[in-house]
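Coordinates as given in start.tsv (TSV, C-alpha atoms):
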chain	number	residue	atom	x	y	z
A	1	MET	CA	0.00	0.00	0.00
A	2	PRO	CA	1.62	3.28	-1.07
A	3	TRP	CA	0.49	5.31	1.97
A	4	ASP	CA	2.85	8.20	1.30
A	5	SER	CA	2.20	8.62	-2.40
A	6	SER	CA	-0.43	10.64	-4.18
A	7	ILE	CA	-2.54	7.67	-5.21
A	8	TYR	CA	-3.36	6.82	-1.57
A	9	PHE	CA	-6.89	8.12	-2.08
A	10	ARG	CA	-7.69	5.16	-4.35
A	11	PHE	CA	-7.33	2.61	-1.55
A	12	ILE	CA	-9.49	4.31	1.06
A	13	ASP	CA	-12.67	2.43	1.86
A	14	VAL	CA	-15.30	5.16	2.06
A	15	TYR	CA	-17.54	2.96	4.18
A	16	ASP	CA	-15.03	2.92	7.05
A	17	TYR	CA	-15.62	6.64	7.47
A	18	ASN	CA	-19.35	6.71	6.86
A	19	VAL	CA	-20.85	7.63	10.26
A	20	ALA	CA	-24.36	6.65	9.22
A	21	TYR	CA	-23.20	3.09	8.74
A	22	SER	CA	-21.98	2.64	12.33
A	23	GLU	CA	-23.22	-0.07	14.66
A	24	GLU	CA	-26.53	0.27	16.50
A	25	SER	CA	-26.04	0.04	20.23
A	26	CYS	CA	-27.74	-3.00	21.67
A	27	GLY	CA	-30.22	-4.12	19.03
A	28	SER	CA	-27.70	-6.28	17.26
A	29	LEU	CA	-26.09	-7.74	20.38
A	30	ILE	CA	-29.31	-9.57	21.20
A	31	TRP	CA	-28.44	-12.02	18.45
A	32	LEU	CA	-25.26	-13.06	20.25
A	33	PHE	CA	-26.89	-13.77	23.59
A	34	ARG	CA	-29.87	-15.65	22.25
A	35	PRO	CA	-29.09	-19.36	21.96
A	36	LEU	CA	-31.01	-21.04	19.20
A	37	GLY	CA	-33.14	-23.28	21.42
A	38	ILE	CA	-34.87	-20.41	23.22
A	39	ASP	CA	-36.33	-19.16	19.97
A	40	GLN	CA	-38.92	-21.92	20.01
A	41	SER	CA	-40.84	-19.99	22.67
A	42	ILE	CA	-41.31	-16.91	20.50
A	43	TRP	CA	-42.25	-19.01	17.47
A	44	GLY	CA	-45.04	-21.02	19.02
A	45	THR	CA	-47.01	-22.24	16.02
A	46	ASP	CA	-46.94	-18.96	14.12
A	47	ASN	CA	-44.03	-19.19	11.73
A	48	ILE	CA	-45.05	-16.12	9.79
A	49	GLU	CA	-44.91	-13.91	12.89
A	50	ALA	CA	-41.50	-15.40	13.72
A	51	LEU	CA	-40.27	-14.55	10.24
A	52	LYS	CA	-41.53	-10.97	10.56
A	53	THR	CA	-39.78	-10.62	13.93
A	54	VAL	CA	-36.41	-11.88	12.74
A	55	LEU	CA	-36.54	-9.71	9.62
A	56	ARG	CA	-37.53	-6.63	11.61
A	57	ASN	CA	-34.54	-7.12	13.92
A	58	ALA	CA	-32.05	-8.09	11.22
A	59	PRO	CA	-28.58	-6.68	12.01
A	60	ILE	CA	-27.92	-5.04	8.66
A	61	SER	CA	-26.13	-2.01	10.08
A	62	SER	CA	-23.84	-4.02	12.28
A	63	ARG	CA	-20.12	-4.40	11.45
A	64	ASN	CA	-19.77	-7.45	13.70
A	65	GLN	CA	-19.54	-10.63	11.62
A	66	MET	CA	-20.41	-12.91	14.57
A	67	VAL	CA	-23.69	-11.10	15.11
A	68	LYS	CA	-24.54	-11.47	11.44
A	69	ASP	CA	-23.70	-15.18	11.45
A	70	ALA	CA	-25.83	-15.76	14.53
A	71	ALA	CA	-28.73	-13.92	12.91
A	72	LEU	CA	-28.26	-15.95	9.73
A	73	ASN	CA	-28.56	-19.23	11.67
A	74	VAL	CA	-31.85	-18.15	13.22
A	75	VAL	CA	-33.28	-16.93	9.94
A	76	MET	CA	-32.26	-20.16	8.20
A	77	GLN	CA	-34.01	-22.16	10.90
A	78	VAL	CA	-37.20	-20.17	10.37
A	79	LEU	CA	-37.06	-20.36	6.57
A	80	LEU	CA	-36.33	-24.08	6.39
A	81	SER	CA	-38.96	-25.00	8.96
A	82	MET	CA	-41.81	-23.53	6.98
A	83	LYS	CA	-43.71	-25.82	4.65
A	84	SER	CA	-43.95	-25.13	0.92
A	85	SER	CA	-47.60	-24.18	1.21
A	86	GLN	CA	-46.87	-21.51	3.83
A	87	ILE	CA	-44.18	-19.77	1.78
A	88	GLU	CA	-46.59	-17.89	-0.48
A	89	GLU	CA	-48.66	-16.69	2.47
A	90	ALA	CA	-45.56	-15.51	4.31
A	91	VAL	CA	-44.24	-13.63	1.27
A	92	ASN	CA	-47.55	-11.84	0.76
A	93	ALA	CA	-47.56	-10.74	4.38
A	94	LEU	CA	-44.23	-8.92	4.13
A	95	ASP	CA	-43.64	-5.36	2.98
A	96	ARG	CA	-41.05	-4.15	0.45
A	97	ASP	CA	-38.16	-3.54	2.88
A	98	HIS	CA	-38.61	-6.86	4.60
A	99	LEU	CA	-38.72	-8.63	1.24
A	100	ASP	CA	-35.35	-7.09	0.38
A	101	ILE	CA	-33.86	-8.31	3.65
A	102	LEU	CA	-35.41	-11.74	3.09
A	103	MET	CA	-33.85	-11.94	-0.36
A	104	LYS	CA	-30.46	-11.04	1.12
A	105	TYR	CA	-30.83	-13.90	3.59
A	106	ILE	CA	-31.87	-16.30	0.82
A	107	TYR	CA	-28.68	-15.55	-1.10
A	108	ARG	CA	-26.58	-15.91	2.02
A	109	GLY	CA	-28.28	-19.21	2.71
A	110	PHE	CA	-27.23	-20.44	-0.73
A	111	GLU	CA	-23.58	-19.92	0.21
A	112	THR	CA	-23.66	-22.64	2.86
A	113	PRO	CA	-25.81	-25.43	1.47
A	114	SER	CA	-26.82	-28.24	3.80
A	115	GLU	CA	-29.02	-31.31	3.36
A	116	GLY	CA	-32.06	-30.23	1.35
A	117	SER	CA	-31.68	-26.55	2.23
A	118	SER	CA	-31.01	-25.38	-1.32
A	119	GLY	CA	-34.23	-26.88	-2.63
A	120	GLN	CA	-36.28	-25.00	-0.04
A	121	LEU	CA	-34.34	-21.78	-0.62
A	122	LEU	CA	-34.94	-22.08	-4.37
A	123	ALA	CA	-38.69	-22.28	-3.67
A	124	TRP	CA	-38.43	-19.15	-1.46
A	125	HIS	CA	-36.42	-17.36	-4.14
A	126	GLU	CA	-39.05	-18.10	-6.78
A	127	LYS	CA	-41.91	-16.82	-4.60
A	128	VAL	CA	-40.11	-13.65	-3.48
A	129	HIS	CA	-39.06	-12.92	-7.07
A	130	ALA	CA	-42.65	-13.31	-8.24
A	131	VAL	CA	-43.82	-10.68	-5.72
A	132	ALA	CA	-40.88	-8.26	-5.56
A	133	GLY	CA	-39.49	-8.57	-9.08
A	134	VAL	CA	-35.98	-8.12	-10.47
A	135	GLY	CA	-35.57	-4.89	-8.46
A	136	CYS	CA	-35.32	-6.91	-5.28
A	137	ILE	CA	-32.37	-8.85	-6.70
A	138	VAL	CA	-30.71	-5.62	-7.92
A	139	ARG	CA	-31.00	-4.21	-4.39
A	140	VAL	CA	-29.31	-7.34	-3.00
A	141	LEU	CA	-26.44	-6.91	-5.46
A	142	THR	CA	-25.96	-3.18	-4.89
A	143	ASP	CA	-26.76	-2.56	-1.22
A	144	LYS	CA	-23.61	-2.07	0.84
A	145	LYS	CA	-25.49	-2.94	4.02
A	146	ARG	CA	-24.93	-6.65	3.64
A	147	VAL	CA	-26.72	-9.11	5.82
B	1	MET	CA	-28.18	-70.83	-20.98
B	2	THR	CA	-28.17	-70.38	-24.71
B	3	LYS	CA	-26.45	-67.48	-26.43
B	4	ASN	CA	-29.79	-65.91	-27.45
B	5	ALA	CA	-31.20	-66.08	-23.94
B	6	LEU	CA	-28.05	-64.37	-22.62
B	7	ARG	CA	-28.25	-61.64	-25.23
B	8	GLU	CA	-31.92	-61.07	-24.42
B	9	GLU	CA	-31.07	-60.86	-20.74
B	10	ARG	CA	-28.41	-58.28	-21.49
B	11	ILE	CA	-30.86	-56.24	-23.57
B	12	GLU	CA	-33.39	-56.36	-20.71
B	13	LEU	CA	-30.76	-55.15	-18.25
B	14	LEU	CA	-29.75	-52.25	-20.49
B	15	ARG	CA	-33.39	-51.29	-20.95
B	16	ALA	CA	-33.94	-51.32	-17.19
B	17	LEU	CA	-30.83	-49.18	-16.74
B	18	ARG	CA	-32.03	-46.62	-19.26
B	19	LEU	CA	-35.46	-46.50	-17.62
B	20	SER	CA	-33.97	-45.97	-14.17
B	21	THR	CA	-31.79	-43.12	-15.43
B	22	GLU	CA	-34.88	-41.54	-17.04
B	23	ILE	CA	-36.74	-41.76	-13.73
B	24	ALA	CA	-33.76	-40.31	-11.85
B	25	LYS	CA	-33.59	-37.41	-14.31
B	26	HIS	CA	-37.31	-36.74	-13.83
B	27	LEU	CA	-36.85	-36.65	-10.06
B	28	LEU	CA	-33.78	-34.42	-10.34
B	29	SER	CA	-35.65	-31.93	-12.52
B	30	ALA	CA	-37.69	-31.01	-9.42
B	31	THR	CA	-34.82	-28.74	-8.36
B	32	LEU	CA	-33.50	-28.09	-11.87
B	33	ARG	CA	-36.35	-25.78	-13.01
B	34	PRO	CA	-36.26	-23.50	-9.92
B	35	TYR	CA	-32.44	-23.51	-9.99
B	36	LEU	CA	-32.30	-22.36	-13.61
B	37	SER	CA	-35.03	-19.77	-13.10
B	38	ALA	CA	-33.19	-18.38	-10.05
B	39	VAL	CA	-29.97	-18.15	-12.07
B	40	ARG	CA	-31.86	-16.54	-14.94
B	41	SER	CA	-33.45	-13.84	-12.77
B	42	THR	CA	-30.15	-13.10	-11.03
B	43	LEU	CA	-28.35	-12.81	-14.37
B	44	GLU	CA	-31.03	-10.45	-15.66
B	45	ALA	CA	-30.41	-8.27	-12.60
B	46	ALA	CA	-26.60	-8.48	-12.77
B	47	MET	CA	-26.19	-7.93	-16.50
B	48	CYS	CA	-26.91	-4.19	-16.44
B	49	LEU	CA	-23.63	-2.98	-17.85
B	50	GLU	CA	-22.40	0.32	-19.20
B	51	ASN	CA	-19.15	1.50	-20.68
B	52	PHE	CA	-16.68	2.67	-18.04
B	53	SER	CA	-13.08	3.56	-18.82
B	54	SER	CA	-10.39	2.72	-16.30
B	55	GLN	CA	-10.09	5.26	-13.47
B	56	VAL	CA	-6.51	4.30	-12.79
B	57	VAL	CA	-4.85	4.23	-16.21
B	58	GLU	CA	-5.47	6.82	-18.90
B	59	ARG	CA	-7.17	5.69	-22.11
B	60	HIS	CA	-7.61	2.12	-20.87
B	61	ASN	CA	-10.87	0.24	-20.67
B	62	LYS	CA	-10.72	-2.87	-18.51
B	63	PRO	CA	-13.41	-5.22	-17.18
B	64	GLU	CA	-13.65	-3.98	-13.59
B	65	VAL	CA	-14.68	-7.37	-12.21
B	66	GLU	CA	-11.28	-8.72	-13.26
B	67	VAL	CA	-9.18	-5.74	-12.20
B	68	ARG	CA	-10.92	-5.06	-8.86
B	69	THR	CA	-8.96	-1.94	-7.91
B	70	SER	CA	-11.93	0.29	-7.03
B	71	LYS	CA	-14.44	-1.03	-4.51
B	72	GLU	CA	-17.19	1.38	-5.52
B	73	LEU	CA	-17.40	-0.21	-8.98
B	74	LEU	CA	-18.01	-3.75	-7.72
B	75	LEU	CA	-21.35	-5.23	-6.78
B	76	ASN	CA	-21.85	-7.88	-4.09
B	77	PRO	CA	-20.96	-11.36	-5.33
B	78	VAL	CA	-23.84	-13.79	-5.10
B	79	VAL	CA	-24.00	-17.60	-5.04
B	80	ILE	CA	-26.92	-19.76	-6.15
B	81	SER	CA	-26.63	-23.40	-5.20
B	82	ARG	CA	-28.74	-26.38	-6.16
B	83	ASN	CA	-27.02	-28.71	-3.68
B	84	GLU	CA	-23.60	-29.00	-2.08
B	85	LYS	CA	-21.94	-29.90	-5.38
B	86	GLU	CA	-23.63	-27.67	-7.96
B	87	LYS	CA	-23.52	-23.90	-7.68
B	88	VAL	CA	-23.12	-20.72	-9.67
B	89	LEU	CA	-21.13	-17.66	-8.55
B	90	ILE	CA	-22.16	-14.36	-10.10
B	91	GLU	CA	-19.82	-11.40	-9.59
B	92	ALA	CA	-20.93	-8.17	-11.19
B	93	SER	CA	-19.42	-4.75	-11.64
B	94	ILE	CA	-20.22	-1.60	-13.58
B	95	ASN	CA	-18.97	-2.83	-16.93
B	96	SER	CA	-18.61	-6.59	-16.62
B	97	VAL	CA	-20.08	-9.75	-15.11
B	98	ARG	CA	-18.20	-12.93	-14.23
B	99	ILE	CA	-20.28	-16.10	-14.02
B	100	SER	CA	-18.57	-19.21	-12.61
B	101	ILE	CA	-20.27	-22.59	-12.76
B	102	SER	CA	-19.53	-25.66	-10.67
B	103	ILE	CA	-20.77	-28.74	-12.53
B	104	LYS	CA	-22.16	-31.90	-10.93
B	105	GLN	CA	-19.48	-34.60	-10.92
B	106	ALA	CA	-20.77	-37.70	-9.22
B	107	ASP	CA	-17.86	-40.10	-9.73
B	108	GLU	CA	-14.28	-40.36	-10.94
B	109	ILE	CA	-15.11	-40.84	-14.60
B	110	GLU	CA	-17.45	-37.82	-14.66
B	111	LYS	CA	-14.69	-35.72	-13.04
B	112	ILE	CA	-12.22	-36.69	-15.77
B	113	LEU	CA	-14.76	-36.15	-18.57
B	114	CYS	CA	-15.83	-32.78	-17.16
B	115	HIS	CA	-12.24	-31.63	-16.75
B	116	LYS	CA	-11.31	-32.63	-20.31
B	117	PHE	CA	-14.46	-31.15	-21.83
B	118	MET	CA	-14.03	-27.83	-20.02
B	119	ARG	CA	-10.37	-27.67	-20.99
B	120	PHE	CA	-11.32	-28.29	-24.62
B	121	MET	CA	-13.77	-25.41	-24.59
B	122	MET	CA	-11.55	-23.01	-22.63
B	123	MET	CA	-8.69	-23.51	-25.10
B	124	ARG	CA	-11.08	-22.24	-27.79
B	125	ALA	CA	-12.32	-19.36	-25.63
B	126	GLU	CA	-11.71	-16.79	-28.38
B	127	ASN	CA	-14.28	-18.42	-30.59
B	128	PHE	CA	-16.76	-18.54	-27.73
B	129	VAL	CA	-16.31	-14.77	-27.13
B	130	VAL	CA	-17.84	-14.79	-23.64
B	131	LEU	CA	-15.81	-17.64	-22.16
B	132	ARG	CA	-12.93	-17.05	-19.77
B	133	ARG	CA	-9.68	-18.93	-20.41
B	134	LYS	CA	-9.29	-20.02	-16.80
B	135	PRO	CA	-12.06	-20.91	-14.39
B	136	VAL	CA	-12.29	-19.01	-11.13
B	137	GLU	CA	-10.78	-20.83	-8.11
B	138	GLY	CA	-13.19	-23.51	-6.89
B	139	TYR	CA	-15.33	-23.70	-10.03
B	140	ASP	CA	-15.20	-25.62	-13.30
B	141	ILE	CA	-15.82	-22.97	-15.95
B	142	SER	CA	-16.21	-19.19	-16.03
B	143	PHE	CA	-17.83	-16.69	-18.35
B	144	LEU	CA	-16.81	-13.05	-18.63
B	145	ILE	CA	-19.45	-10.79	-20.18
B	146	THR	CA	-18.54	-7.14	-20.70
B	147	ASN	CA	-20.52	-4.10	-21.76
B	148	PHE	CA	-19.16	-4.50	-25.30
B	149	HIS	CA	-20.81	-7.91	-25.50
B	150	THR	CA	-24.13	-6.55	-24.26
B	151	GLU	CA	-23.88	-3.75	-26.79
B	152	ALA	CA	-23.23	-6.12	-29.68
B	153	MET	CA	-25.59	-8.91	-28.61
B	154	TYR	CA	-29.03	-9.05	-27.03
B	155	LYS	CA	-28.90	-9.26	-23.24
B	156	HIS	CA	-31.77	-11.73	-23.00
B	157	LYS	CA	-30.05	-13.93	-25.57
B	158	LEU	CA	-26.83	-13.89	-23.57
B	159	VAL	CA	-28.76	-14.97	-20.50
B	160	ASP	CA	-30.49	-17.69	-22.57
B	161	PHE	CA	-27.10	-18.88	-23.75
B	162	VAL	CA	-25.71	-19.28	-20.24
B	163	ILE	CA	-28.82	-21.12	-19.03
B	164	HIS	CA	-28.84	-23.40	-22.09
B	165	PHE	CA	-25.15	-24.10	-21.51
B	166	MET	CA	-25.82	-25.16	-17.93
B	167	GLU	CA	-28.61	-27.51	-19.04
B	168	GLU	CA	-26.73	-29.08	-21.91
B	169	ILE	CA	-23.45	-29.65	-20.08
B	170	ASP	CA	-25.00	-32.18	-17.71
B	171	LYS	CA	-26.66	-34.04	-20.59
B	172	GLU	CA	-23.49	-34.12	-22.65
B	173	ILE	CA	-21.37	-35.43	-19.80
B	174	SER	CA	-23.87	-38.23	-19.08
B	175	GLU	CA	-23.92	-39.15	-22.77
B	176	MET	CA	-20.13	-39.23	-22.89
B	177	LYS	CA	-20.08	-41.39	-19.80
B	178	LEU	CA	-22.51	-43.89	-21.36
B	179	ALA	CA	-20.40	-43.95	-24.52
B	180	VAL	CA	-17.21	-44.59	-22.52
B	181	ASN	CA	-18.85	-47.43	-20.63
B	182	ALA	CA	-20.22	-49.00	-23.82
B	183	ARG	CA	-16.83	-48.82	-25.53
B	184	ALA	CA	-15.08	-50.23	-22.48
B	185	ARG	CA	-17.54	-53.12	-22.35
B	186	VAL	CA	-17.01	-53.98	-26.01
B	187	CYS	CA	-13.22	-53.76	-25.62
B	188	ALA	CA	-13.24	-55.98	-22.56
B	189	GLU	CA	-15.43	-58.52	-24.36
B	190	GLU	CA	-13.18	-58.72	-27.39
B	191	PHE	CA	-10.08	-58.95	-25.24
B	192	LEU	CA	-11.47	-61.69	-23.02
B	193	LYS	CA	-12.76	-63.63	-26.04
B	194	ARG	CA	-9.23	-63.96	-27.33
B	195	VAL	CA	-7.66	-64.68	-23.99
B	196	CYS	CA	-10.17	-67.18	-22.61
B	197	ARG	CA	-9.50	-70.80	-23.57
B	198	LEU	CA	-12.73	-72.30	-22.15
B	199	THR	CA	-15.53	-73.75	-24.32
B	200	PHE	CA	-17.71	-71.14	-25.96
B	201	PRO	CA	-20.91	-71.11	-23.81
B	202	SER	CA	-19.05	-71.16	-20.51
B	203	SER	CA	-16.60	-68.55	-21.78
B	204	VAL	CA	-19.52	-66.28	-22.73
B	205	LEU	CA	-21.01	-66.76	-19.23
B	206	LEU	CA	-17.66	-65.96	-17.62
B	207	LEU	CA	-17.24	-62.94	-19.88
B	208	ASN	CA	-20.62	-61.48	-18.93
B	209	PHE	CA	-20.01	-62.12	-15.27
B	210	ILE	CA	-16.66	-60.33	-15.35
B	211	VAL	CA	-17.88	-57.49	-17.54
B	212	PHE	CA	-20.88	-56.73	-15.33
B	213	LEU	CA	-18.80	-56.90	-12.18
B	214	VAL	CA	-15.96	-54.71	-13.36
B	215	LEU	CA	-17.77	-52.18	-15.48
B	216	LYS	CA	-20.62	-51.09	-13.24
B	217	PRO	CA	-22.63	-48.45	-15.17
Take the structure in the file and give it back as structure tokens.
Amino acid sequence: MPWDSSIYFRFIDVYDYNVAYSEESCGSLIWLFRPLGIDQSIWGTDNIEALKTVLRNAPISSRNQMVKDAALNVVMQVLLSMKSSQIEEAVNALDRDHLDILMKYIYRGFETPSEGSSGQLLAWHEKVHAVAGVGCIVRVLTDKKRV
Amino acid sequence: MTKNALREERIELLRALRLSTEIAKHLLSATLRPYLSAVRSTLEAAMCLENFSSQVVERHNKPEVEVRTSKELLLNPVVISRNEKEKVLIEASINSVRISISIKQADEIEKILCHKFMRFMMMRAENFVVLRRKPVEGYDISFLITNFHTEAMYKHKLVDFVIHFMEEIDKEISEMKLAVNARARVCAEEFLKRVCRLTFPSSVLLLNFIVFLVLKP
């Protein structure tokens, strides 16, 4: 890295200095202290409400990778536990912002495929794409606030 | 057993094999359609390219996804997987898209066939126009599509090409595998015919036994 030369400006990451992108105080830390088993109590039998809750609290502004991984595990559990018939209902119940966050989680879920997970995620992807369109995918590709 | 009965038995076995592969393909296509449609929609989103000269070197125009000097020109890379073995990595930037495909390779012979086939195509990458000469680390084959390609060719046709490629590759590799097995079976038969000194019916029995044991389809 040529720190003393005049082309130093090319290697600065603007997002390190962007104050608006800094970590929220305690909202994201909840994900670290919430072991996966306890989540069953907030789910009950209503998977759609659980999905809305996890998407509402998604740590998109956080810079902490552990928090994001913990959140990903919970979201994956919720997504994979829902039956194919419930997917359409769930997608229709979400608003535009939550659909974007859901799509980001779907793509992240594809990165670590486990037994049968990709098939389910492909079904989710199809349904979300049908509702939110190509724009949703463009927002996943361009948004710097990665999930 | 007479020679005719043996031949008929062999024909029955081959027929059963073909039927079972057809059924397997039908079951597999349950994830194939959603997989290809997910790749298609992601490619449609990623392939929005415009001309962008290099910011670093005067008068140069480079595909930013390959150069990667400026972070603001790169989009988030995205993976779409069908299972643990098959996936597609799509990395986009302002003027270029890199699509890397990992092809299903179930056994040793499919690995060798895939490797040779991909190498054959990548050596002729200039004629393909959109193919990359080396695959990205961890994948079998890569495409590099730049804004010049989208200007000269229809974007939806480019997307169709990539999807068609993904479909056909699997079919071609299975066909090649069947051809290799058939040729190997015939070779083994001819070889054993000359080497075996038993009487004809028992030698044919022995032949079939060995061939079906060694060359499992």
Within 10 Å of chain B, which residues of chain A are there when counting only C-alpha atoms? Please give them as an MDAnalysis selection string. chainID A and resid 7 10:15 104 106:126 129 133:144 146
List as number ranges by chain the protein and nucleic acid residues near region 87-98 of chain A, meaning an atom at most 7 Å away when all atoms listed in the file are counted, but skip any in the same chain fewer than 3 places from it. A: 48, 55, 82-84, 101-102, 124, 127-128
Using only C-alpha atoms, determine which residues lie at most 8 Å from Cys114 (chain B), disregarding the query and same-chain residues fewer than 2 positions distant; provide the list as an MDAnalysis selection string. chainID B and resid 103 105 110:112 116:118 173
What lies within 9 Å of Leu158 (chain B) using all atoms listed in the file, ignoring chain neighbours under 5 positions off, as a ChimeraX atom specification? /B:145,149-150,153,163
Closest of A:Val147, A:Ile60, A:Leu51, A:Leu99 to Leu80 (chain A), counting all atoms listed in the file, is A:Leu51
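If you look at CA of Met122 (chain B) and CA of His60 (chain B), they are 25.5 Å away from each other.
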From the list B:Phe128, B:Phe148, B:Phe191, B:Tyr139, the nearest residue to Glu50 (chain B) using all atoms listed in the file is B:Phe148
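Note that the spacing between CA of Ser54 (chain B) and CA of Asn95 (chain B) amounts to 10.2 Å.
Relative to CA of Arg132 (chain B), CA of Arg98 (chain B) is found at 8.7 Å.
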Which residue of A:Lys145, A:Ser6, A:Ser81, A:Val75 approaches Asn57 (chain A) most closely, using only C-alpha atoms: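 Smallest separation from Asn57 (chain A) among the options: A:Val75.
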Show which residues sit within 10 Å of Asn51 (chain B), as a PyMOL selection string. Count only C-alpha atoms, and ignore same-chain residues fewer than 4 positions away. chain B and resi 61-63+94-96+146-148+151
